[in-house]
Every structure is written in C-alpha cells, then in structure tokens.
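Everything below concerns the one structure shown next.
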Amino acid sequence: MFTGVLVSCMQQGAQQDIGWVFQLVWIVVLVVVWIYGQRIQTVLMLREIERSLKKLKVMRDRSRQMAISAIKEIGKPSEDLETRVDRILEHVDIEPVTLDPTGVIRRLEHIIDVREFRLKDEVKQMVPEADETQINNLTNVLEVAMALNQIYKIVRHYYLMGKRTLSFYILLQIQMILPLIMRESEAFIRALRAFTLGQPIGDGAGALVAARLMYGKAKRIIVPDTIVSEVDIEGRKAYVIKAKGPGGNVGKPGEAIKQVLEELNGNVALIIMVDAAQKLEGEKSGEVIEGVGAAIGGPGVDKYKVEEVATKYKVPFYAILIKEGIEDVISTMRKEIVDGVEEAIGRVKRIILEKTKKGDAVIIAGIGNTIGIAQ
Amino acid sequence: MNEEGKVRGAQVFLAIIALIMLIIAIIAFIWEYTFHKMPNYITVALSMGTILLSLYFVFQIIKKPQNILFEQQKVSTVLRCVNCDYVSARGFEKGDYIFKEVGVCPRCGSSLIVYSIFREVNEKEQRSE
Ligand SMILES: [Zn+2]
C-alpha cells in the first residue's frame with residue numbers, strides 16, 4: 001500500500017522508471033522463490049504445525065486439569081496429588097521384544113496386566129475412599145490424559161526438530177498426519193467428559209448388546225472384571241459375556257471365552273462376538289454388518305486367545321459389527337449407535353436361529369468398554 | 001491461559017495494522033482522484049487490493065474463534081418400566097448408568113430403570129459426515 005501512496009505521488013513522467021523497477025522486482029522475486037522455495041515452504045509448514053501444537057497444549061493442560069478436579073471431587077485427595085498425576089502422565093509402557101516371537105502374546109498380556117494393576121493402584125492410593133466404579137472411571141480419565149500428553153510431546157518433538165534443522169522432510173512427516181492427529185485428540189477431549197460423568201461411550205455398543213441380553217439373569221464373575229450369564233435364547237443355552245459395569249473397563253473377553261469353552265469341553269455350536277468397528281468416511285453411523293472372525297480390538301491378546309481356542313475346538317465364530325466414526329468411539333454414545341444396538345440384538349437372534357438347533361450351547365460376547373453400562 | 005492471552009494480543013495488533021492500512025489506502029484513493037481526475041490504473045488496483053485485504057483481515061479477527069471442543073452437549077437419559085411399557089426421557093444426571101434403578105413406575109409401581117443414555121448430534125456435526 002505504500003507503493004500505492006508512492007505511485008500516486010509520482011509524476012506521470014516517472015512512469016517508465018517505475019516500469020523498470022517493477023520488472024527488476026519481479027526478477028528478484030523469481031530468483032528468490034527458485035532458490036529458497038523449499039525453505040519458504042518449510043517456514044510456512046512450521047507455522048501451521050505451531051498452531052496445532054498450541055491447540056494440543058491447551059488440550060493437554062485441560063485434560064490434566066479435568067483429571068485432577070475429577071479426583072478432588074470424589075474424595076479428600078492426598079497432598080501431593082498434582083505431582084502424582086504428573087508422574088502418571090509421564091508413564092511409559094515398554095513393548096515386549098519380538099526378535100524371538102515365541103510366547104510374545106503371553107508376555108504382552110503380562111505387561112498389560114501389570115500396567116493396569118499399577119494404574120488402578122495409583123488411583124486407589126490417591127483416593128482411598130473411591131468405590132470400584134469410580135476407580136475404573138478415574139483410571140480411564142487418566143489414560144486419556146496420558147494419551148493427550150503423549151501426543152503433545154511427540155508433535156512437539158517433531159516441531160522442535162524441524163525448527164532446529166529446518167528440514168523439510170522431518171516436518172513433512174508430522175504435517176502429513178497432523179489432521180488425523182488433531183481429529184483423534186479432539187475425540188480424546190470429548191472422551192474425557194464422558195469418562196468423568198460416567199456416560200456410556202460408542203465403544204460400549206457391544207457391551208450394551210450383551211447387557212440387554214443378560215439383564216435380570218443370574219451372573220457370575222468368570223475372570224477378573226468379566227462376567228458371564230447363562231441365558232435362554234430361542235431354546236438355546238447362551239453364555240453371554242461382557243466386562244463388569246458400570247465402571248469403565250474392557251474386561252478380558254478372550255480369556256472368558258476360553259474358560260467357557262473349556263468348561264464345556266468345546267461343546268459349543270457357535271461363538272458370536274459383537275463389537276464396535278470403525279466406519280469408513282461416507283458410511284452411516286450405527287450401521288450393523290456381519291462377518292466371520294474374532295471381532296476384538298485392542299493390542300491383540302484377546303483376539304489371539306479366541307482364535308486359538310476356537311481353532312482348537314473347531315467352533316465357528318461370527319462377528320456382528322456396529323459401525324461408528326473415530327470421534328464416536330470414545331465419546332458419549334450417539335443415538336444412532338443405540339439404534340444400531342437394537343438391530344444387532346435382532347441379528348444375534350437371527351444368526352442363532354439359522355445356524356444352531358434347539359438345545360445347542362452358544363457363546364455371545366459383547367466386546368468393548370462398559371462404562372456407564374451395568375448388567 | 002497465558003498463551004491464549006498472547007494470541008489475543010497478537011490479533012489486536014494485527015487488527016490495528018489492518019485498520020491503518022485501510023485508512024491509508026482510502027486516503028491514497030481519494031488523493032489520486034482529486035489531484036489527477038484521471039484514474040491511474042495501477043494505483044486503483046493496488047488501493048482496491050489493500051482495502052479488500054484489510055477488510056478480510058478485520059473480519060477474520062472479529063469472527064469469534066469457534067470452540068466446539070469444550071462446548072456442552074445435550075445428553076438424554078431414557079427411563080423405562082421393567083413391567084409395563086411406560087417410557088419417559090429426561091436430561092442426563094451425574095450418576096446415571098444403564099440399568100440403574102431410579103424409582104418406581106408411576107403407572108404400575110414396578111421399578112423404573114435407565115434404559116439408554118445417548119447424545120444427539122447437532123446438525124453441524126451431522127453435515128460434516
Ligand atoms: Zn410400569
């Protein structure tokens with residue numbers, strides 16, 4: 001705009017000189033862009049990542065604050081609460097060695113068990129007066145805060161590395177996946193609200209199917225945090241399995257299926273697993289689809305166990321999946337997913353009617369985090 | 001909070017610069033017209049560009065930053081009688097969970113349970129799907 005003022009102050013006769021100047025400016029700009037193009041792009045990328053990083057920091061701080069206030073709300077916490085929370089947020093899990101893959105699943109399971117025990121133990125020490133449900137929910141809240149902390153630190157790492165080296169390719173790596181990272185982080189923030197209030201989440205769709213089937217029937221704990229109930233469905237004896245609610249936990253569905261199968265010496269006609277599955281963009285939320293295979297997410301321990309034991313006894317397994325978006329999986333259950341649950345129950349009954357006969361035993365496992373869902 | 005304050009300050013600074021640019025551009029525009037009576041196309045184009053750019057900046061800054069993240073969502077709890085077909089709905093209350101007994105059915109006196117808890121997605125989110 002200064003050029004605007006400048007030009008307006010000039011005499012008409014000076015026009016030709018200005019034409020010259022402009023041409024020169026153009027040539028200089030062209031040369032600069034030609035030589036420093038990538039450098040300029042790098043700086044622009046740095047700016048973009050910096051913006052996202054700031055947003056991630058706000059999210060991380062907010063999640064830490066929410067975790068602390070959720071703990072304070074439940075009981076009189078110990079004095080060093082904030083240091084304790086910070087220590088948990090920095091927690092790392094070290095993956096088992098896969099150089100010698102024999103028994104890696106068993107080792108992984110052990111690490112997961114220890115981790116869960118430690119987290120719950122920490123929570124118990126922070127709020128000794130909390131009941132089981134509250135401890136489970138708080139553990140979930142802390143896990144979300146841990147995830148957000150981890151995401152923030154990784155993005156910051158790439159940002160600072162890129163800033164120091166001004167390397168286009170270091171920044172490119174993080175910039176490519178940044179939209180996905182942001183989407184996931186926003187989902188985590190939503191999850192925090194659901195977890196602090198104890199609301200059922202999208203991932204609990206499978207657990208809700210099982211809960212509906214077993215409501216009002218006798219139940220027993222078959223493995224820690226996991227319950228089984230014997231239900232009569234269309235004259236078949238169904239063993240319905242889900243994690244124990246209404247606290248937030250996923251239980252051990254794989255181990256539970258294995259135990260039931262072993263109790264019955266493999267005399268099971270069918271295993272049906274119901275789980276939430278991530279939908280593709282464009283697919284409808286709450287849509288129910290069917291398939292074959294072990295429908296269990298997570299690190300793979302439970303999936304491995306089901307596949308192993310089902311293969312051993314040659315029991316067919318079916319999957320019923322309720323589709324939902326990545327931002328719905330850990331946020332409060334959507335209306336469409338609740339409708340999907342009703343449809344999934346209908347599908348379970350249909351499959352049982354079609355594939356088994358009266359008097360058969362079937363296993364129905366509702367997979368997922370059962371927060372906000374009792375039985 | 002400190003970070004947010006810094007961002008806000010930078011935005012105000014930008015807004016002031018944009019406003020100054022706007023004023024200078026308008027003055028230059030008038031100046032050009034009154035003195036020469038004949039439009040100089042380069043100046044007109046530059047001034048117009050500056051005016052539009054400044055307006056764009058000002059609008060960008062005035063526009064409230066959207067904060068979907070921390071907004072409250074509407075979560076409903078559906079209550080149902082275990083015996084008859086009585087159903088009612090209310091807002092979610094802390095402590096609600098599915099299959100929690102929350103009282104007696106006003107119609108038949110059996111226990112009333114939480115049947116489902118869900119959030120309804122607003123249109124904006126719906127559209128982004
Ligand atoms: Zn009733």
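Every chain in the structure tokens has a letter given in the order shown (A, B, ...), and although residue numbers restart at 1 in each chain, ligands are simply numbered from 1 in the order shown.
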Would you mind listing the residues within 9 Å of ligand 1, counting only C-alpha atoms and all ligand atoms, as a tab-separated table (two decimals) with N, CA and C atoms, in the first residue's frame?
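As written to disk, selection_12.tsv reads:
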```tsv
chain	number	residue	atom	x	y	z
B	80	ARG	N	-37.33	-46.46	31.64
B	80	ARG	CA	-38.34	-47.41	31.18
B	80	ARG	C	-38.75	-48.30	32.34
B	81	CYS	N	-40.02	-48.67	32.36
B	81	CYS	CA	-40.52	-49.56	33.40
B	81	CYS	C	-40.16	-51.00	33.01
B	82	VAL	N	-39.80	-51.82	34.00
B	82	VAL	CA	-39.43	-53.20	33.67
B	82	VAL	C	-40.67	-54.05	33.40
B	83	ASN	N	-41.83	-53.57	33.80
B	83	ASN	CA	-43.04	-54.37	33.73
B	83	ASN	C	-43.97	-53.95	32.58
B	84	CYS	N	-44.37	-52.69	32.60
B	84	CYS	CA	-45.28	-52.23	31.54
B	84	CYS	C	-44.49	-51.45	30.48
B	85	ASP	N	-45.20	-50.77	29.58
B	85	ASP	CA	-44.48	-50.09	28.50
B	85	ASP	C	-44.31	-48.60	28.76
B	86	TYR	N	-44.26	-48.23	30.04
B	86	TYR	CA	-44.06	-46.82	30.38
B	86	TYR	C	-42.63	-46.38	30.03
B	87	VAL	N	-42.53	-45.29	29.28
B	87	VAL	CA	-41.22	-44.76	28.89
B	87	VAL	C	-41.22	-43.25	29.12
B	104	VAL	N	-39.82	-45.75	41.02
B	104	VAL	CA	-40.92	-46.66	40.69
B	104	VAL	C	-41.74	-46.07	39.55
B	105	CYS	N	-42.34	-46.99	38.79
B	105	CYS	CA	-43.15	-46.60	37.64
B	105	CYS	C	-44.44	-45.92	38.14
B	106	PRO	N	-44.75	-44.74	37.62
B	106	PRO	CA	-45.96	-44.06	38.08
B	106	PRO	C	-47.24	-44.78	37.64
B	107	ARG	N	-47.14	-45.69	36.71
B	107	ARG	CA	-48.33	-46.34	36.20
B	107	ARG	C	-48.62	-47.64	36.95
B	108	CYS	N	-47.59	-48.49	37.15
B	108	CYS	CA	-47.87	-49.79	37.77
B	108	CYS	C	-47.07	-50.05	39.05
B	109	GLY	N	-46.15	-49.18	39.40
B	109	GLY	CA	-45.45	-49.35	40.68
B	109	GLY	C	-44.26	-50.28	40.63
B	110	SER	N	-43.95	-50.86	39.47
B	110	SER	CA	-42.73	-51.68	39.36
B	110	SER	C	-41.52	-50.73	39.30
B	111	SER	N	-40.32	-51.36	39.30
B	111	SER	CA	-39.17	-50.46	39.32
B	111	SER	C	-38.92	-49.86	37.94
B	112	LEU	N	-38.40	-48.65	38.00
B	112	LEU	CA	-38.12	-47.88	36.80
B	112	LEU	C	-36.61	-47.89	36.60
```
Checklist line | Spatial neighbours of Arg119 in chain B, max dist 8 Å, only C-alpha atoms, sep filter under 5 positions, as a PyMOL selection string | finding: (chain A and resi 332-335) or (chain B and resi 73-76)
Which residues of chain B come within 9 Å of chain A, and for each one, what is the closest pair of atoms and their distance in Å to one decimal, counting only C-alpha atoms, sorted by chain and residue number, as JSON lines?
```
{"residue": "B:Met1", "atom": "CA", "partner": "A:Val58", "partner_atom": "CA", "distance": 8.4}
{"residue": "B:Glu3", "atom": "CA", "partner": "A:Lys54", "partner_atom": "CA", "distance": 8.1}
{"residue": "B:Glu4", "atom": "CA", "partner": "A:Val58", "partner_atom": "CA", "distance": 8.8}
{"residue": "B:Met21", "atom": "CA", "partner": "A:Met1", "partner_atom": "CA", "distance": 7.1}
{"residue": "B:Leu22", "atom": "CA", "partner": "A:Met1", "partner_atom": "CA", "distance": 9.0}
{"residue": "B:Ile24", "atom": "CA", "partner": "A:Met1", "partner_atom": "CA", "distance": 7.6}
{"residue": "B:Ala25", "atom": "CA", "partner": "A:Met1", "partner_atom": "CA", "distance": 6.4}
{"residue": "B:Ile27", "atom": "CA", "partner": "A:Val5", "partner_atom": "CA", "distance": 8.8}
{"residue": "B:Ala28", "atom": "CA", "partner": "A:Val5", "partner_atom": "CA", "distance": 5.7}
{"residue": "B:Phe29", "atom": "CA", "partner": "A:Gly4", "partner_atom": "CA", "distance": 8.5}
{"residue": "B:Trp31", "atom": "CA", "partner": "A:Ser8", "partner_atom": "CA", "distance": 7.8}
{"residue": "B:Glu32", "atom": "CA", "partner": "A:Ser8", "partner_atom": "CA", "distance": 5.9}
{"residue": "B:Asn40", "atom": "CA", "partner": "A:Ser8", "partner_atom": "CA", "distance": 8.0}
{"residue": "B:Ile42", "atom": "CA", "partner": "A:Gly4", "partner_atom": "CA", "distance": 8.0}
{"residue": "B:Thr43", "atom": "CA", "partner": "A:Gly4", "partner_atom": "CA", "distance": 5.3}
{"residue": "B:Val44", "atom": "CA", "partner": "A:Gly4", "partner_atom": "CA", "distance": 8.1}
{"residue": "B:Ala45", "atom": "CA", "partner": "A:Gly4", "partner_atom": "CA", "distance": 8.8}
{"residue": "B:Leu46", "atom": "CA", "partner": "A:Gly4", "partner_atom": "CA", "distance": 5.9}
{"residue": "B:Ser47", "atom": "CA", "partner": "A:Gly4", "partner_atom": "CA", "distance": 6.2}
{"residue": "B:Gly49", "atom": "CA", "partner": "A:Met1", "partner_atom": "CA", "distance": 8.6}
{"residue": "B:Thr50", "atom": "CA", "partner": "A:Met1", "partner_atom": "CA", "distance": 6.1}
{"residue": "B:Leu69", "atom": "CA", "partner": "A:Glu186", "partner_atom": "CA", "distance": 6.7}
{"residue": "B:Phe70", "atom": "CA", "partner": "A:Arg190", "partner_atom": "CA", "distance": 7.9}
{"residue": "B:Val75", "atom": "CA", "partner": "A:Thr332", "partner_atom": "CA", "distance": 8.0}
{"residue": "B:Phe92", "atom": "CA", "partner": "A:Gln199", "partner_atom": "CA", "distance": 8.7}
{"residue": "B:Glu93", "atom": "CA", "partner": "A:Leu197", "partner_atom": "CA", "distance": 8.6}
{"residue": "B:Lys94", "atom": "CA", "partner": "A:Leu197", "partner_atom": "CA", "distance": 5.8}
{"residue": "B:Gly95", "atom": "CA", "partner": "A:Gly198", "partner_atom": "CA", "distance": 6.9}
{"residue": "B:Asp96", "atom": "CA", "partner": "A:Gly372", "partner_atom": "CA", "distance": 7.3}
{"residue": "B:Tyr97", "atom": "CA", "partner": "A:Gly372", "partner_atom": "CA", "distance": 4.5}
{"residue": "B:Ile98", "atom": "CA", "partner": "A:Ile373", "partner_atom": "CA", "distance": 4.6}
{"residue": "B:Phe99", "atom": "CA", "partner": "A:Ala374", "partner_atom": "CA", "distance": 5.7}
{"residue": "B:Lys100", "atom": "CA", "partner": "A:Ala374", "partner_atom": "CA", "distance": 7.1}
{"residue": "B:Ser116", "atom": "CA", "partner": "A:Val338", "partner_atom": "CA", "distance": 7.5}
{"residue": "B:Ile117", "atom": "CA", "partner": "A:Pro200", "partner_atom": "CA", "distance": 6.9}
{"residue": "B:Phe118", "atom": "CA", "partner": "A:Met333", "partner_atom": "CA", "distance": 5.0}
{"residue": "B:Arg119", "atom": "CA", "partner": "A:Arg334", "partner_atom": "CA", "distance": 5.0}
{"residue": "B:Glu120", "atom": "CA", "partner": "A:Lys335", "partner_atom": "CA", "distance": 5.8}
{"residue": "B:Val121", "atom": "CA", "partner": "A:Arg334", "partner_atom": "CA", "distance": 7.0}
{"residue": "B:Glu129", "atom": "CA", "partner": "A:Gly282", "partner_atom": "CA", "distance": 6.8}
```
Restrict the selected residues to N, CA and C atoms and save them as a short mmCIF file (atom, residue, chain, number, x, y, z; two decimals), in the first residue's frame.
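The resulting file, out_14.cif, is reproduced below:
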```cif
data_model
loop_
_atom_site.label_atom_id
_atom_site.label_comp_id
_atom_site.auth_asym_id
_atom_site.auth_seq_id
_atom_site.Cartn_x
_atom_site.Cartn_y
_atom_site.Cartn_z
N MET B 1 -3.77 -20.38 29.81
CA MET B 1 -4.46 -19.09 29.79
C MET B 1 -3.54 -17.99 29.28
N GLU B 3 -1.01 -18.29 27.29
CA GLU B 3 -0.83 -18.48 25.85
C GLU B 3 -1.97 -17.83 25.09
N GLU B 4 -3.19 -18.09 25.56
CA GLU B 4 -4.37 -17.55 24.88
C GLU B 4 -4.33 -16.04 24.88
N MET B 21 -3.73 0.40 7.53
CA MET B 21 -3.58 0.16 6.08
C MET B 21 -4.82 0.59 5.33
N LEU B 22 -5.95 0.26 5.90
CA LEU B 22 -7.23 0.58 5.28
C LEU B 22 -7.37 2.08 5.10
N ILE B 24 -5.00 4.42 5.12
CA ILE B 24 -4.02 4.96 4.16
C ILE B 24 -4.49 4.69 2.73
N ALA B 25 -4.99 3.47 2.52
CA ALA B 25 -5.43 3.10 1.18
C ALA B 25 -6.57 4.00 0.71
N ILE B 27 -7.26 7.05 1.78
CA ILE B 27 -6.73 8.40 1.55
C ILE B 27 -6.04 8.47 0.19
N ALA B 28 -5.20 7.46 -0.08
CA ALA B 28 -4.49 7.43 -1.35
C ALA B 28 -5.47 7.42 -2.52
N PHE B 29 -6.51 6.70 -2.34
CA PHE B 29 -7.54 6.56 -3.36
C PHE B 29 -8.17 7.92 -3.67
N TRP B 31 -7.03 10.93 -2.78
CA TRP B 31 -5.93 11.80 -3.21
C TRP B 31 -5.77 11.68 -4.72
N GLU B 32 -5.60 10.49 -5.16
CA GLU B 32 -5.39 10.20 -6.57
C GLU B 32 -6.51 10.81 -7.41
N ASN B 40 -5.41 6.42 -12.33
CA ASN B 40 -4.19 5.70 -12.65
C ASN B 40 -4.44 4.25 -12.27
N ILE B 42 -2.85 1.42 -12.06
CA ILE B 42 -2.01 0.69 -11.10
C ILE B 42 -2.39 1.07 -9.67
N THR B 43 -2.50 2.38 -9.43
CA THR B 43 -2.83 2.84 -8.08
C THR B 43 -4.20 2.32 -7.66
N VAL B 44 -5.17 2.42 -8.58
CA VAL B 44 -6.52 1.97 -8.25
C VAL B 44 -6.49 0.50 -7.86
N ALA B 45 -5.79 -0.31 -8.67
CA ALA B 45 -5.75 -1.74 -8.41
C ALA B 45 -5.10 -2.03 -7.06
N LEU B 46 -3.95 -1.34 -6.82
CA LEU B 46 -3.24 -1.58 -5.56
C LEU B 46 -4.10 -1.17 -4.37
N SER B 47 -4.74 0.01 -4.48
CA SER B 47 -5.54 0.50 -3.36
C SER B 47 -6.71 -0.44 -3.10
N GLY B 49 -6.92 -3.54 -3.81
CA GLY B 49 -6.38 -4.77 -3.22
C GLY B 49 -6.14 -4.60 -1.74
N THR B 50 -5.53 -3.47 -1.38
CA THR B 50 -5.23 -3.23 0.03
C THR B 50 -6.51 -3.15 0.85
N LEU B 69 -14.82 -27.74 20.94
CA LEU B 69 -14.26 -28.75 21.81
C LEU B 69 -14.86 -28.79 23.20
N PHE B 70 -14.99 -27.62 23.77
CA PHE B 70 -15.37 -27.62 25.18
C PHE B 70 -16.83 -27.26 25.38
N VAL B 75 -27.17 -34.51 26.39
CA VAL B 75 -27.20 -35.96 26.59
C VAL B 75 -28.52 -36.30 27.28
N PHE B 92 -29.50 -36.00 31.08
CA PHE B 92 -28.58 -36.87 31.83
C PHE B 92 -28.24 -36.23 33.17
N GLU B 93 -28.25 -37.03 34.21
CA GLU B 93 -27.80 -36.54 35.52
C GLU B 93 -26.58 -37.34 35.94
N LYS B 94 -25.67 -36.68 36.63
CA LYS B 94 -24.46 -37.37 37.04
C LYS B 94 -24.82 -38.57 37.92
N GLY B 95 -24.20 -39.71 37.64
CA GLY B 95 -24.50 -40.91 38.41
C GLY B 95 -25.42 -41.86 37.66
N ASP B 96 -26.04 -41.39 36.58
CA ASP B 96 -26.88 -42.27 35.76
C ASP B 96 -26.01 -43.31 35.06
N TYR B 97 -26.50 -44.54 35.01
CA TYR B 97 -25.89 -45.54 34.13
C TYR B 97 -26.97 -46.50 33.67
N ILE B 98 -26.72 -47.17 32.58
CA ILE B 98 -27.75 -48.03 32.00
C ILE B 98 -28.04 -49.19 32.95
N PHE B 99 -29.32 -49.44 33.17
CA PHE B 99 -29.86 -50.47 34.09
C PHE B 99 -29.80 -50.06 35.55
N LYS B 100 -29.57 -48.76 35.81
CA LYS B 100 -29.66 -48.28 37.18
C LYS B 100 -31.14 -48.12 37.54
N SER B 116 -31.59 -46.28 28.32
CA SER B 116 -30.46 -45.91 27.48
C SER B 116 -30.03 -44.47 27.75
N ILE B 117 -28.78 -44.21 27.42
CA ILE B 117 -28.20 -42.87 27.57
C ILE B 117 -27.54 -42.56 26.24
N PHE B 118 -27.86 -41.42 25.68
CA PHE B 118 -27.23 -41.10 24.39
C PHE B 118 -27.18 -39.59 24.18
N ARG B 119 -26.32 -39.20 23.23
CA ARG B 119 -26.29 -37.78 22.87
C ARG B 119 -26.84 -37.65 21.47
N GLU B 120 -27.51 -36.53 21.26
CA GLU B 120 -27.99 -36.29 19.91
C GLU B 120 -27.03 -35.36 19.21
N VAL B 121 -26.70 -35.70 17.98
CA VAL B 121 -25.68 -34.95 17.26
C VAL B 121 -26.33 -33.75 16.61
N GLU B 129 -20.35 -35.13 8.10
CA GLU B 129 -20.10 -36.56 7.93
C GLU B 129 -20.05 -36.95 6.46
#
```
Checklist line | In range 80-199 of chain A, DSSP helix (DSSP H, G or I) residues written as an MDAnalysis selection string | finding: chainID A and resid 81:89 104:126 132:165 168:197
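Taking only C-alpha atoms into account, Tyr56 in chain B lies nearest to B:Ala15 out of the set B:Val102, B:Ala89, B:Leu79, B:Ala15.
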Note to self: To test your reading of the structure, identify every residue in range 101-339 of chain A that backbone DSSP assigns to strand (DSSP E), and report it as a ChimeraX atom specification.
What the structure shows: /A:219-223,226-233,236-243,270-278,288-292,317-324
Next item on the list: Can you work out the spacing between CA of Ile363 in chain A and CA of Ile289 in chain A in Å, to one decimal?
Entry: 18.7 Å
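Nearest to Phe13 in chain B of all the residues B:Val114, B:Ile30, B:Val78, B:Val58 is B:Val58, counting only C-alpha atoms.
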Note to self: Please compute the CA of Val268 in chain A-CA of Val315 in chain A distance, one decimal, in Å.
What the structure shows: 6.7 Å
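Note that the spacing between CA of Glu82 in chain A and CA of Glu129 in chain A amounts to 18.2 Å.
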